[in-house]
$ cat structure32.pdb   # PDB, C-alpha atoms, pLDDT in the B column
MODEL        1
ATOM      1  CA  MET H1089       0.000   0.000   0.000  1.00 91.00           C
ATOM      2  CA  HIS H1090       1.214   3.476  -0.891  1.00 95.00           C
ATOM      3  CA  TYR H1091      -0.416   6.846  -0.343  1.00 97.00           C
ATOM      4  CA  GLU H1092       0.059  10.446  -1.453  1.00 97.00           C
ATOM      5  CA  ILE H1093      -1.532  13.631  -0.109  1.00 97.00           C
ATOM      6  CA  ILE H1094      -1.892  16.227  -2.865  1.00 96.00           C
ATOM      7  CA  GLY H1095      -2.853  19.899  -2.555  1.00 92.00           C
ATOM      8  CA  THR H1096      -2.826  22.615   0.082  1.00 87.00           C
ATOM      9  CA  THR H1097      -6.134  23.857   1.516  1.00 82.00           C
ATOM     10  CA  LEU H1098      -8.305  21.499  -0.569  1.00 88.00           C
ATOM     11  CA  GLN H1099      -6.265  18.336  -0.342  1.00 93.00           C
ATOM     12  CA  THR H1100      -6.916  14.919  -1.839  1.00 95.00           C
ATOM     13  CA  LEU H1101      -5.672  11.549  -0.612  1.00 97.00           C
ATOM     14  CA  ASP H1102      -4.580   8.925  -3.169  1.00 98.00           C
ATOM     15  CA  ILE H1103      -4.237   5.354  -1.866  1.00 97.00           C
ATOM     16  CA  ARG H1104      -2.753   2.668  -4.130  1.00 97.00           C
ATOM     17  CA  LEU H1105      -3.672  -0.868  -3.141  1.00 96.00           C
ATOM     18  CA  ASN H1106      -2.034  -4.158  -4.004  1.00 94.00           C
ATOM     19  CA  ALA H1107      -4.048  -7.318  -4.526  1.00 94.00           C
ATOM     20  CA  GLY H1108      -5.865  -8.365  -1.342  1.00 94.00           C
ATOM     21  CA  GLU H1109      -5.348  -5.077   0.523  1.00 95.00           C
ATOM     22  CA  SER H1110      -8.356  -3.249   1.966  1.00 95.00           C
ATOM     23  CA  VAL H1111      -9.301   0.135   3.397  1.00 96.00           C
ATOM     24  CA  TYR H1112     -12.608   1.336   4.838  1.00 95.00           C
ATOM     25  CA  THR H1113     -14.332   4.695   5.125  1.00 92.00           C
ATOM     26  CA  GLU H1114     -17.675   6.184   6.065  1.00 84.00           C
ATOM     27  CA  SER H1115     -20.499   5.943   3.524  1.00 77.00           C
ATOM     28  CA  GLY H1116     -19.920   8.414   0.697  1.00 78.00           C
ATOM     29  CA  GLY H1117     -16.287   9.015   1.665  1.00 83.00           C
ATOM     30  CA  MET H1118     -14.773   7.863  -1.630  1.00 92.00           C
ATOM     31  CA  ALA H1119     -14.378  10.445  -4.427  1.00 94.00           C
ATOM     32  CA  TRP H1120     -13.121   8.308  -7.358  1.00 96.00           C
ATOM     33  CA  MET H1121     -11.323   5.026  -7.986  1.00 96.00           C
ATOM     34  CA  ARG H1122      -9.593   3.057 -10.739  1.00 96.00           C
ATOM     35  CA  GLY H1123      -8.959  -0.671 -11.052  1.00 95.00           C
ATOM     36  CA  ASN H1124     -10.689  -3.877 -10.000  1.00 95.00           C
ATOM     37  CA  ILE H1125     -12.025  -2.940  -6.561  1.00 95.00           C
ATOM     38  CA  ALA H1126     -14.776  -4.731  -4.629  1.00 95.00           C
ATOM     39  CA  MET H1127     -17.055  -2.679  -2.354  1.00 93.00           C
ATOM     40  CA  SER H1128     -18.751  -4.033   0.778  1.00 91.00           C
ATOM     41  CA  THR H1129     -20.982  -1.876   3.014  1.00 88.00           C
ATOM     42  CA  ASP H1130     -22.105  -2.908   6.516  1.00 82.00           C
ATOM     43  CA  THR H1131     -22.163  -1.746  10.132  1.00 77.00           C
ATOM     44  CA  ARG H1132     -18.678  -3.203  10.701  1.00 68.00           C
ATOM     45  CA  GLY H1133     -19.027  -4.937  14.045  1.00 62.00           C
ATOM     46  CA  GLY H1134     -22.797  -4.938  14.410  1.00 58.00           C
ATOM     47  CA  LEU H1135     -25.627  -2.483  14.878  1.00 56.00           C
ATOM     48  CA  LEU H1136     -24.588  -1.325  18.359  1.00 59.00           C
ATOM     49  CA  LYS H1137     -21.067  -0.437  17.228  1.00 59.00           C
ATOM     50  CA  GLY H1138     -22.525   1.343  14.221  1.00 52.00           C
ATOM     51  CA  LEU H1139     -24.835   3.398  16.444  1.00 59.00           C
ATOM     52  CA  ALA H1140     -21.920   4.257  18.743  1.00 55.00           C
ATOM     53  CA  ARG H1141     -19.871   5.486  15.777  1.00 52.00           C
ATOM     54  CA  SER H1142     -22.776   7.615  14.584  1.00 57.00           C
ATOM     55  CA  LEU H1143     -22.773   9.384  17.967  1.00 55.00           C
ATOM     56  CA  ALA H1144     -19.089  10.180  17.350  1.00 49.00           C
ATOM     57  CA  GLY H1145     -19.857  11.868  14.043  1.00 51.00           C
ATOM     58  CA  GLU H1146     -19.510   8.995  11.559  1.00 56.00           C
ATOM     59  CA  SER H1147     -22.085   7.207   9.438  1.00 63.00           C
ATOM     60  CA  LEU H1148     -23.936   4.156  10.719  1.00 69.00           C
ATOM     61  CA  PHE H1149     -22.572   2.117   7.812  1.00 82.00           C
ATOM     62  CA  LEU H1150     -18.950   1.855   6.675  1.00 89.00           C
ATOM     63  CA  THR H1151     -17.738   0.811   3.233  1.00 92.00           C
ATOM     64  CA  THR H1152     -14.726  -1.477   2.718  1.00 94.00           C
ATOM     65  CA  TYR H1153     -12.780  -1.338  -0.550  1.00 95.00           C
ATOM     66  CA  THR H1154     -10.716  -4.422  -1.442  1.00 96.00           C
ATOM     67  CA  CYS H1155      -8.284  -4.624  -4.349  1.00 95.00           C
ATOM     68  CA  LYS H1156      -8.961  -7.740  -6.436  1.00 94.00           C
ATOM     69  CA  GLU H1157      -5.978  -7.297  -8.755  1.00 87.00           C
ATOM     70  CA  SER H1158      -2.691  -5.383  -8.666  1.00 84.00           C
ATOM     71  CA  ASP H1159      -2.408  -1.577  -8.785  1.00 86.00           C
ATOM     72  CA  ALA H1160      -5.780  -0.121  -7.838  1.00 94.00           C
ATOM     73  CA  LEU H1161      -6.213   3.567  -6.998  1.00 97.00           C
ATOM     74  CA  ILE H1162      -8.771   5.146  -4.641  1.00 97.00           C
ATOM     75  CA  THR H1163      -9.023   8.895  -3.986  1.00 97.00           C
ATOM     76  CA  PHE H1164     -10.641  10.409  -0.904  1.00 96.00           C
ATOM     77  CA  THR H1165     -11.470  14.079  -0.312  1.00 93.00           C
ATOM     78  CA  PRO H1166     -12.235  15.962   2.948  1.00 90.00           C
ATOM     79  CA  GLU H1167     -15.548  17.613   3.744  1.00 86.00           C
ATOM     80  CA  ALA H1168     -14.033  21.061   4.456  1.00 85.00           C
ATOM     81  CA  PRO H1169     -10.861  23.043   3.633  1.00 88.00           C
ATOM     82  CA  GLY H1170      -8.025  21.901   5.857  1.00 90.00           C
ATOM     83  CA  SER H1171      -5.425  19.192   6.378  1.00 92.00           C
ATOM     84  CA  ILE H1172      -5.299  15.439   5.890  1.00 95.00           C
ATOM     85  CA  LEU H1173      -3.110  13.809   8.551  1.00 96.00           C
ATOM     86  CA  PRO H1174      -1.606  10.312   8.214  1.00 97.00           C
ATOM     87  CA  VAL H1175      -1.670   8.352  11.484  1.00 98.00           C
ATOM     88  CA  ASP H1176       0.715   5.373  11.610  1.00 97.00           C
ATOM     89  CA  LEU H1177      -0.281   3.160  14.548  1.00 98.00           C
ATOM     90  CA  ARG H1178       1.593   0.256  16.075  1.00 97.00           C
ATOM     91  CA  SER H1179      -0.306  -2.695  17.548  1.00 97.00           C
ATOM     92  CA  GLY H1180      -2.418  -1.388  20.445  1.00 96.00           C
ATOM     93  CA  GLU H1181      -1.355   2.232  19.886  1.00 97.00           C
ATOM     94  CA  MET H1182      -4.225   4.765  20.046  1.00 97.00           C
ATOM     95  CA  ARG H1183      -5.176   8.306  19.096  1.00 97.00           C
ATOM     96  CA  ILE H1184      -8.117  10.326  20.422  1.00 95.00           C
ATOM     97  CA  CYS H1185      -9.665  12.524  17.718  1.00 92.00           C
ATOM     98  CA  GLN H1186     -12.388  15.140  17.538  1.00 89.00           C
ATOM     99  CA  LYS H1187     -15.840  14.123  16.296  1.00 84.00           C
ATOM    100  CA  ASP H1188     -16.063  13.483  12.552  1.00 84.00           C
ATOM    101  CA  ALA H1189     -12.261  13.491  12.089  1.00 91.00           C
ATOM    102  CA  PHE H1190     -12.009   9.929  10.737  1.00 93.00           C
ATOM    103  CA  MET H1191     -11.493   9.755   6.989  1.00 94.00           C
ATOM    104  CA  VAL H1192     -10.205   6.292   5.980  1.00 96.00           C
ATOM    105  CA  ALA H1193      -8.108   3.478   7.465  1.00 96.00           C
ATOM    106  CA  GLN H1194      -6.559   0.127   6.733  1.00 96.00           C
ATOM    107  CA  ASP H1195      -8.750  -2.842   7.516  1.00 92.00           C
ATOM    108  CA  THR H1196      -6.647  -3.658  10.614  1.00 95.00           C
ATOM    109  CA  VAL H1197      -7.369  -0.314  12.350  1.00 96.00           C
ATOM    110  CA  GLN H1198     -10.250  -0.193  14.815  1.00 93.00           C
ATOM    111  CA  LEU H1199     -12.557   2.861  14.937  1.00 91.00           C
ATOM    112  CA  GLU H1200     -14.542   3.336  18.158  1.00 87.00           C
ATOM    113  CA  MET H1201     -16.413   5.932  20.161  1.00 83.00           C
ATOM    114  CA  HIS H1202     -14.395   7.533  22.988  1.00 79.00           C
ATOM    115  CA  PHE H1203     -16.298   8.792  26.027  1.00 73.00           C
ATOM    116  CA  ARG H1204     -14.898  11.623  28.146  1.00 63.00           C
ATOM    117  CA  LYS H1205     -15.119  10.593  31.774  1.00 55.00           C
ATOM    118  CA  LYS H1206     -14.827  14.027  33.365  1.00 54.00           C
ATOM    119  CA  LEU H1207     -18.100  15.982  33.554  1.00 44.00           C
ATOM    120  CA  GLY H1208     -16.475  19.382  33.017  1.00 47.00           C
ATOM    121  CA  ALA H1209     -14.522  18.267  29.957  1.00 41.00           C
ATOM    122  CA  GLY H1210     -17.654  16.771  28.454  1.00 42.00           C
ATOM    123  CA  LEU H1211     -19.962  19.737  29.098  1.00 45.00           C
ATOM    124  CA  PHE H1212     -17.564  22.544  28.235  1.00 46.00           C
ATOM    125  CA  GLY H1213     -14.869  20.872  26.132  1.00 43.00           C
ATOM    126  CA  GLY H1214     -16.057  22.176  22.779  1.00 46.00           C
ATOM    127  CA  GLU H1215     -16.776  18.752  21.255  1.00 48.00           C
ATOM    128  CA  GLY H1216     -19.006  17.279  23.968  1.00 50.00           C
ATOM    129  CA  PHE H1217     -18.631  13.959  25.752  1.00 58.00           C
ATOM    130  CA  ILE H1218     -18.099  11.778  22.699  1.00 76.00           C
ATOM    131  CA  LEU H1219     -14.957  11.671  20.587  1.00 86.00           C
ATOM    132  CA  GLN H1220     -13.359   9.089  18.291  1.00 90.00           C
ATOM    133  CA  LYS H1221     -10.655   6.554  19.121  1.00 93.00           C
ATOM    134  CA  LEU H1222      -8.363   4.895  16.569  1.00 96.00           C
ATOM    135  CA  THR H1223      -6.450   1.765  17.608  1.00 97.00           C
ATOM    136  CA  GLY H1224      -3.673   0.074  15.615  1.00 96.00           C
ATOM    137  CA  PRO H1225      -2.011  -1.694  14.019  1.00 97.00           C
ATOM    138  CA  GLY H1226      -2.164   0.031  10.648  1.00 97.00           C
ATOM    139  CA  MET H1227      -2.460   3.329   8.824  1.00 97.00           C
ATOM    140  CA  ALA H1228      -5.349   5.726   9.223  1.00 98.00           C
ATOM    141  CA  TRP H1229      -6.008   9.192   7.888  1.00 97.00           C
ATOM    142  CA  VAL H1230      -7.972  11.963   9.589  1.00 96.00           C
ATOM    143  CA  GLU H1231      -9.304  15.241   8.191  1.00 94.00           C
ATOM    144  CA  ILE H1232      -8.870  18.422  10.236  1.00 93.00           C
ATOM    145  CA  ALA H1233     -10.259  21.843   9.286  1.00 91.00           C
ATOM    146  CA  GLY H1234      -7.593  24.529   8.855  1.00 91.00           C
ATOM    147  CA  GLU H1235      -3.865  24.109   9.373  1.00 92.00           C
ATOM    148  CA  VAL H1236      -2.474  21.758  12.037  1.00 94.00           C
ATOM    149  CA  ARG H1237       0.316  22.340  14.569  1.00 96.00           C
ATOM    150  CA  GLU H1238       1.922  19.423  16.425  1.00 97.00           C
ATOM    151  CA  TYR H1239       3.411  19.719  19.929  1.00 98.00           C
ATOM    152  CA  GLU H1240       4.996  17.204  22.282  1.00 98.00           C
ATOM    153  CA  LEU H1241       4.385  17.850  25.979  1.00 98.00           C
ATOM    154  CA  LYS H1242       6.879  16.650  28.563  1.00 97.00           C
ATOM    155  CA  PRO H1243       5.652  14.916  31.764  1.00 97.00           C
ATOM    156  CA  GLY H1244       3.745  17.519  33.778  1.00 97.00           C
ATOM    157  CA  GLU H1245       4.034  20.191  31.070  1.00 97.00           C
ATOM    158  CA  LYS H1246       0.746  22.043  30.480  1.00 96.00           C
ATOM    159  CA  MET H1247      -0.791  23.927  27.589  1.00 94.00           C
ATOM    160  CA  GLN H1248      -4.030  25.905  27.741  1.00 92.00           C
ATOM    161  CA  VAL H1249      -6.109  25.769  24.576  1.00 90.00           C
ATOM    162  CA  ASP H1250      -9.456  27.047  23.377  1.00 87.00           C
ATOM    163  CA  PRO H1251     -11.309  23.681  23.323  1.00 84.00           C
ATOM    164  CA  GLY H1252     -12.423  23.995  19.697  1.00 86.00           C
ATOM    165  CA  HIS H1253      -8.795  23.986  18.519  1.00 92.00           C
ATOM    166  CA  ILE H1254      -7.997  20.492  19.857  1.00 92.00           C
ATOM    167  CA  ALA H1255      -7.887  18.140  16.864  1.00 94.00           C
ATOM    168  CA  MET H1256      -6.193  15.011  18.208  1.00 95.00           C
ATOM    169  CA  TYR H1257      -4.042  13.817  21.127  1.00 96.00           C
ATOM    170  CA  GLU H1258      -2.366  10.727  22.505  1.00 97.00           C
ATOM    171  CA  PRO H1259      -4.266   8.992  25.337  1.00 95.00           C
ATOM    172  CA  SER H1260      -1.329   9.612  27.712  1.00 96.00           C
ATOM    173  CA  VAL H1261      -2.239  13.327  27.675  1.00 95.00           C
ATOM    174  CA  ASN H1262      -4.589  14.429  30.466  1.00 92.00           C
ATOM    175  CA  TYR H1263      -7.494  16.596  29.268  1.00 88.00           C
ATOM    176  CA  ASP H1264      -9.273  18.904  31.723  1.00 85.00           C
ATOM    177  CA  ILE H1265     -11.370  22.071  31.606  1.00 80.00           C
ATOM    178  CA  GLN H1266     -10.839  25.188  33.728  1.00 77.00           C
ATOM    179  CA  ARG H1267     -12.912  28.337  34.024  1.00 65.00           C
ATOM    180  CA  VAL H1268     -11.336  31.565  32.815  1.00 60.00           C
ATOM    181  CA  LYS H1269     -10.399  33.742  35.801  1.00 57.00           C
ATOM    182  CA  GLY H1270     -11.424  37.386  36.118  1.00 49.00           C
ATOM    183  CA  ALA H1271     -14.776  39.019  35.302  1.00 48.00           C
ATOM    184  CA  LYS H1272     -13.291  41.273  32.593  1.00 44.00           C
ATOM    185  CA  ASN H1273     -11.631  38.310  30.909  1.00 41.00           C
ATOM    186  CA  ILE H1274     -14.929  36.415  30.892  1.00 43.00           C
ATOM    187  CA  LEU H1275     -17.001  39.354  29.629  1.00 43.00           C
ATOM    188  CA  PHE H1276     -14.607  40.963  27.170  1.00 42.00           C
ATOM    189  CA  GLY H1277     -11.810  38.452  26.502  1.00 42.00           C
ATOM    190  CA  GLY H1278     -13.589  36.760  23.608  1.00 45.00           C
ATOM    191  CA  GLU H1279     -12.387  33.267  24.612  1.00 50.00           C
ATOM    192  CA  GLY H1280     -15.561  32.084  26.319  1.00 50.00           C
ATOM    193  CA  LEU H1281     -15.945  30.860  29.897  1.00 64.00           C
ATOM    194  CA  PHE H1282     -13.630  27.852  29.745  1.00 74.00           C
ATOM    195  CA  LEU H1283     -10.210  26.814  28.475  1.00 82.00           C
ATOM    196  CA  ALA H1284      -8.890  23.289  28.086  1.00 85.00           C
ATOM    197  CA  THR H1285      -5.735  22.292  29.957  1.00 90.00           C
ATOM    198  CA  LEU H1286      -3.665  19.576  28.304  1.00 94.00           C
ATOM    199  CA  THR H1287      -1.006  17.986  30.522  1.00 96.00           C
ATOM    200  CA  GLY H1288       1.817  15.786  29.259  1.00 95.00           C
ATOM    201  CA  PRO H1289       3.408  13.467  28.545  1.00 98.00           C
ATOM    202  CA  GLY H1290       2.331  12.994  24.970  1.00 97.00           C
ATOM    203  CA  LYS H1291       1.721  14.580  21.595  1.00 98.00           C
ATOM    204  CA  ILE H1292      -1.137  16.913  20.743  1.00 97.00           C
ATOM    205  CA  TRP H1293      -2.373  18.227  17.390  1.00 97.00           C
ATOM    206  CA  LEU H1294      -4.081  21.639  17.321  1.00 97.00           C
ATOM    207  CA  GLN H1295      -6.068  23.128  14.450  1.00 94.00           C
ATOM    208  CA  SER H1296      -6.141  26.742  13.294  1.00 92.00           C
ATOM    209  CA  LEU H1297      -9.795  26.813  12.214  1.00 86.00           C
ATOM    210  CA  PRO H1298     -12.499  24.927  14.132  1.00 80.00           C
ATOM    211  CA  LEU H1299     -15.529  24.274  11.915  1.00 73.00           C
ATOM    212  CA  SER H1300     -17.779  25.933  14.491  1.00 70.00           C
ATOM    213  CA  ASN H1301     -15.837  29.190  14.065  1.00 69.00           C
ATOM    214  CA  LEU H1302     -16.069  28.962  10.278  1.00 69.00           C
ATOM    215  CA  ALA H1303     -19.811  28.272  10.423  1.00 70.00           C
ATOM    216  CA  ALA H1304     -20.387  31.234  12.761  1.00 67.00           C
ATOM    217  CA  LYS H1305     -18.437  33.533  10.434  1.00 69.00           C
ATOM    218  CA  LEU H1306     -20.296  32.400   7.311  1.00 73.00           C
ATOM    219  CA  THR H1307     -23.662  32.800   9.024  1.00 75.00           C
ATOM    220  CA  LYS H1308     -23.153  36.583   9.083  1.00 74.00           C
ATOM    221  CA  TYR H1309     -23.122  36.642   5.276  1.00 73.00           C
ATOM    222  CA  MET H1310     -26.086  34.351   4.647  1.00 73.00           C
ATOM    223  CA  PRO H1311     -29.322  36.047   3.559  1.00 74.00           C
ATOM    224  CA  ILE H1312     -32.231  35.865   5.985  1.00 68.00           C
ATOM    225  CA  LYS H1313     -35.265  34.199   4.436  1.00 65.00           C
ATOM    226  CA  SER H1314     -38.502  36.099   4.798  1.00 55.00           C
ATOM    227  CA  SER H1315     -41.505  34.207   6.136  1.00 54.00           C
TER     228      SER H1315
ENDMDL
END
$ encode --input "structure32.pdb" --output "structure tokens"
Amino acid sequence: MHYEIIGTTLQTLDIRLNAGESVYTESGGMAWMRGNIAMSTDTRGGLLKGLARSLAGESLFLTTYTCKESDALITFTPEAPGSILPVDLRSGEMRICQKDAFMVAQDTVQLEMHFRKKLGAGLFGGEGFILQKLTGPGMAWVEIAGEVREYELKPGEKMQVDPGHIAMYEPSVNYDIQRVKGAKNILFGGEGLFLATLTGPGKIWLQSLPLSNLAAKLTKYMPIKSS
């Protein structure tokens, strides 16, 4: 299997499969393909797992693409301008991603719902209680709106982040929510009531443009329909 990410703000992902290799994606995730490729759509693990994934922003059904002969090409495209990130996972290695980040993965990668245990992080963490968890072995690709910055936090090192900018992190990173201090900061600071505190060790990936911010900006320019 080989892959290539092409483009800048409107990227595409080309995956070349050898005979017998498979990848899966959410329903409607494939843009175009070439070669002898078999498609199979199901809930991948049963109805309950499918429903759990749908709560984490993915479709109830997933489609698996299997190469039947040599040299097949499949192209995937993101749903919004931003970045496609390759995630190379060893056996048992995990990543926690924001809702709807999953794009496509090798057949060996497991996609599950991830539930935030802390009440504050779930209520005020920008993405709610439910996130996505990817578990290796294998390659996966996630789509993140905007540009992405990667940081590695040392043990005990902290970073405060507007919750909407958290795209992905390693499970070794502790995620918590703290209220912004000071009445003037709350009323006029423009950052909302809460900030996320990420504590190392582990890697974090932050995005420049949360989709919620983009949607709020575009709403100002949309015409109001008269009743």
$ closest_residue --input "structure32.pdb" --among "H:Met1201, H:Val1261, H:Ala1193, H:Leu1177" --to "H:Gly1224" --atoms "only C-alpha atoms"
H:Leu1177
$ resolve_selection --input "structure32.pdb" --expression "the PyMOL selection byres ((chain H and resi 1176) around 12)" --output "PyMOL selection string"
chain H and resi 1173-1175+1177-1183+1193-1194+1196-1197+1222-1230
$ residues_around --input "structure32.pdb" --residues "stretch 1149-1163 of chain H" --least-positions-apart "2" --cutoff "10 Å" --atoms "all atoms listed in the file" --output "PDB file with C-alpha atoms, in the coordinates of the input"
ATOM      1  CA  MET H1089       0.000   0.000   0.000  1.00 91.00           C
ATOM      2  CA  HIS H1090       1.214   3.476  -0.891  1.00 95.00           C
ATOM      3  CA  TYR H1091      -0.416   6.846  -0.343  1.00 97.00           C
ATOM      4  CA  GLU H1092       0.059  10.446  -1.453  1.00 97.00           C
ATOM      5  CA  ILE H1093      -1.532  13.631  -0.109  1.00 97.00           C
ATOM      6  CA  THR H1100      -6.916  14.919  -1.839  1.00 95.00           C
ATOM      7  CA  LEU H1101      -5.672  11.549  -0.612  1.00 97.00           C
ATOM      8  CA  ASP H1102      -4.580   8.925  -3.169  1.00 98.00           C
ATOM      9  CA  ILE H1103      -4.237   5.354  -1.866  1.00 97.00           C
ATOM     10  CA  ARG H1104      -2.753   2.668  -4.130  1.00 97.00           C
ATOM     11  CA  LEU H1105      -3.672  -0.868  -3.141  1.00 96.00           C
ATOM     12  CA  ASN H1106      -2.034  -4.158  -4.004  1.00 94.00           C
ATOM     13  CA  ALA H1107      -4.048  -7.318  -4.526  1.00 94.00           C
ATOM     14  CA  GLY H1108      -5.865  -8.365  -1.342  1.00 94.00           C
ATOM     15  CA  GLU H1109      -5.348  -5.077   0.523  1.00 95.00           C
ATOM     16  CA  SER H1110      -8.356  -3.249   1.966  1.00 95.00           C
ATOM     17  CA  VAL H1111      -9.301   0.135   3.397  1.00 96.00           C
ATOM     18  CA  TYR H1112     -12.608   1.336   4.838  1.00 95.00           C
ATOM     19  CA  THR H1113     -14.332   4.695   5.125  1.00 92.00           C
ATOM     20  CA  GLU H1114     -17.675   6.184   6.065  1.00 84.00           C
ATOM     21  CA  SER H1115     -20.499   5.943   3.524  1.00 77.00           C
ATOM     22  CA  GLY H1116     -19.920   8.414   0.697  1.00 78.00           C
ATOM     23  CA  GLY H1117     -16.287   9.015   1.665  1.00 83.00           C
ATOM     24  CA  MET H1118     -14.773   7.863  -1.630  1.00 92.00           C
ATOM     25  CA  ALA H1119     -14.378  10.445  -4.427  1.00 94.00           C
ATOM     26  CA  TRP H1120     -13.121   8.308  -7.358  1.00 96.00           C
ATOM     27  CA  MET H1121     -11.323   5.026  -7.986  1.00 96.00           C
ATOM     28  CA  ARG H1122      -9.593   3.057 -10.739  1.00 96.00           C
ATOM     29  CA  GLY H1123      -8.959  -0.671 -11.052  1.00 95.00           C
ATOM     30  CA  ASN H1124     -10.689  -3.877 -10.000  1.00 95.00           C
ATOM     31  CA  ILE H1125     -12.025  -2.940  -6.561  1.00 95.00           C
ATOM     32  CA  ALA H1126     -14.776  -4.731  -4.629  1.00 95.00           C
ATOM     33  CA  MET H1127     -17.055  -2.679  -2.354  1.00 93.00           C
ATOM     34  CA  SER H1128     -18.751  -4.033   0.778  1.00 91.00           C
ATOM     35  CA  THR H1129     -20.982  -1.876   3.014  1.00 88.00           C
ATOM     36  CA  ASP H1130     -22.105  -2.908   6.516  1.00 82.00           C
ATOM     37  CA  THR H1131     -22.163  -1.746  10.132  1.00 77.00           C
ATOM     38  CA  ARG H1132     -18.678  -3.203  10.701  1.00 68.00           C
ATOM     39  CA  GLY H1134     -22.797  -4.938  14.410  1.00 58.00           C
ATOM     40  CA  LEU H1135     -25.627  -2.483  14.878  1.00 56.00           C
ATOM     41  CA  LYS H1137     -21.067  -0.437  17.228  1.00 59.00           C
ATOM     42  CA  GLY H1138     -22.525   1.343  14.221  1.00 52.00           C
ATOM     43  CA  LEU H1139     -24.835   3.398  16.444  1.00 59.00           C
ATOM     44  CA  ARG H1141     -19.871   5.486  15.777  1.00 52.00           C
ATOM     45  CA  SER H1142     -22.776   7.615  14.584  1.00 57.00           C
ATOM     46  CA  GLU H1146     -19.510   8.995  11.559  1.00 56.00           C
ATOM     47  CA  SER H1147     -22.085   7.207   9.438  1.00 63.00           C
ATOM     48  CA  THR H1165     -11.470  14.079  -0.312  1.00 93.00           C
ATOM     49  CA  VAL H1192     -10.205   6.292   5.980  1.00 96.00           C
ATOM     50  CA  ALA H1193      -8.108   3.478   7.465  1.00 96.00           C
ATOM     51  CA  GLN H1194      -6.559   0.127   6.733  1.00 96.00           C
ATOM     52  CA  ASP H1195      -8.750  -2.842   7.516  1.00 92.00           C
TER      53      ASP H1195
END
$ resolve_selection --input "structure32.pdb" --expression "the PyMOL selection byres ((chain H and resi 1285-1288) around 9)" --output "number ranges by chain"
H: 1240-1251, 1260-1266, 1283-1284, 1289-1292
$ atom_distance --input "structure32.pdb" --atom1 "atom CA of H:Ile1184" --atom2 "atom CA of H:His1202"
7.3 Å
$ atom_distance --input "structure32.pdb" --atom1 "atom CA of H:Gly1252" --atom2 "atom CA of H:Lys1308"
19.7 Å
$ atom_distance --input "structure32.pdb" --atom1 "atom CA of H:Ile1254" --atom2 "atom CA of H:Tyr1309"
26.5 Å
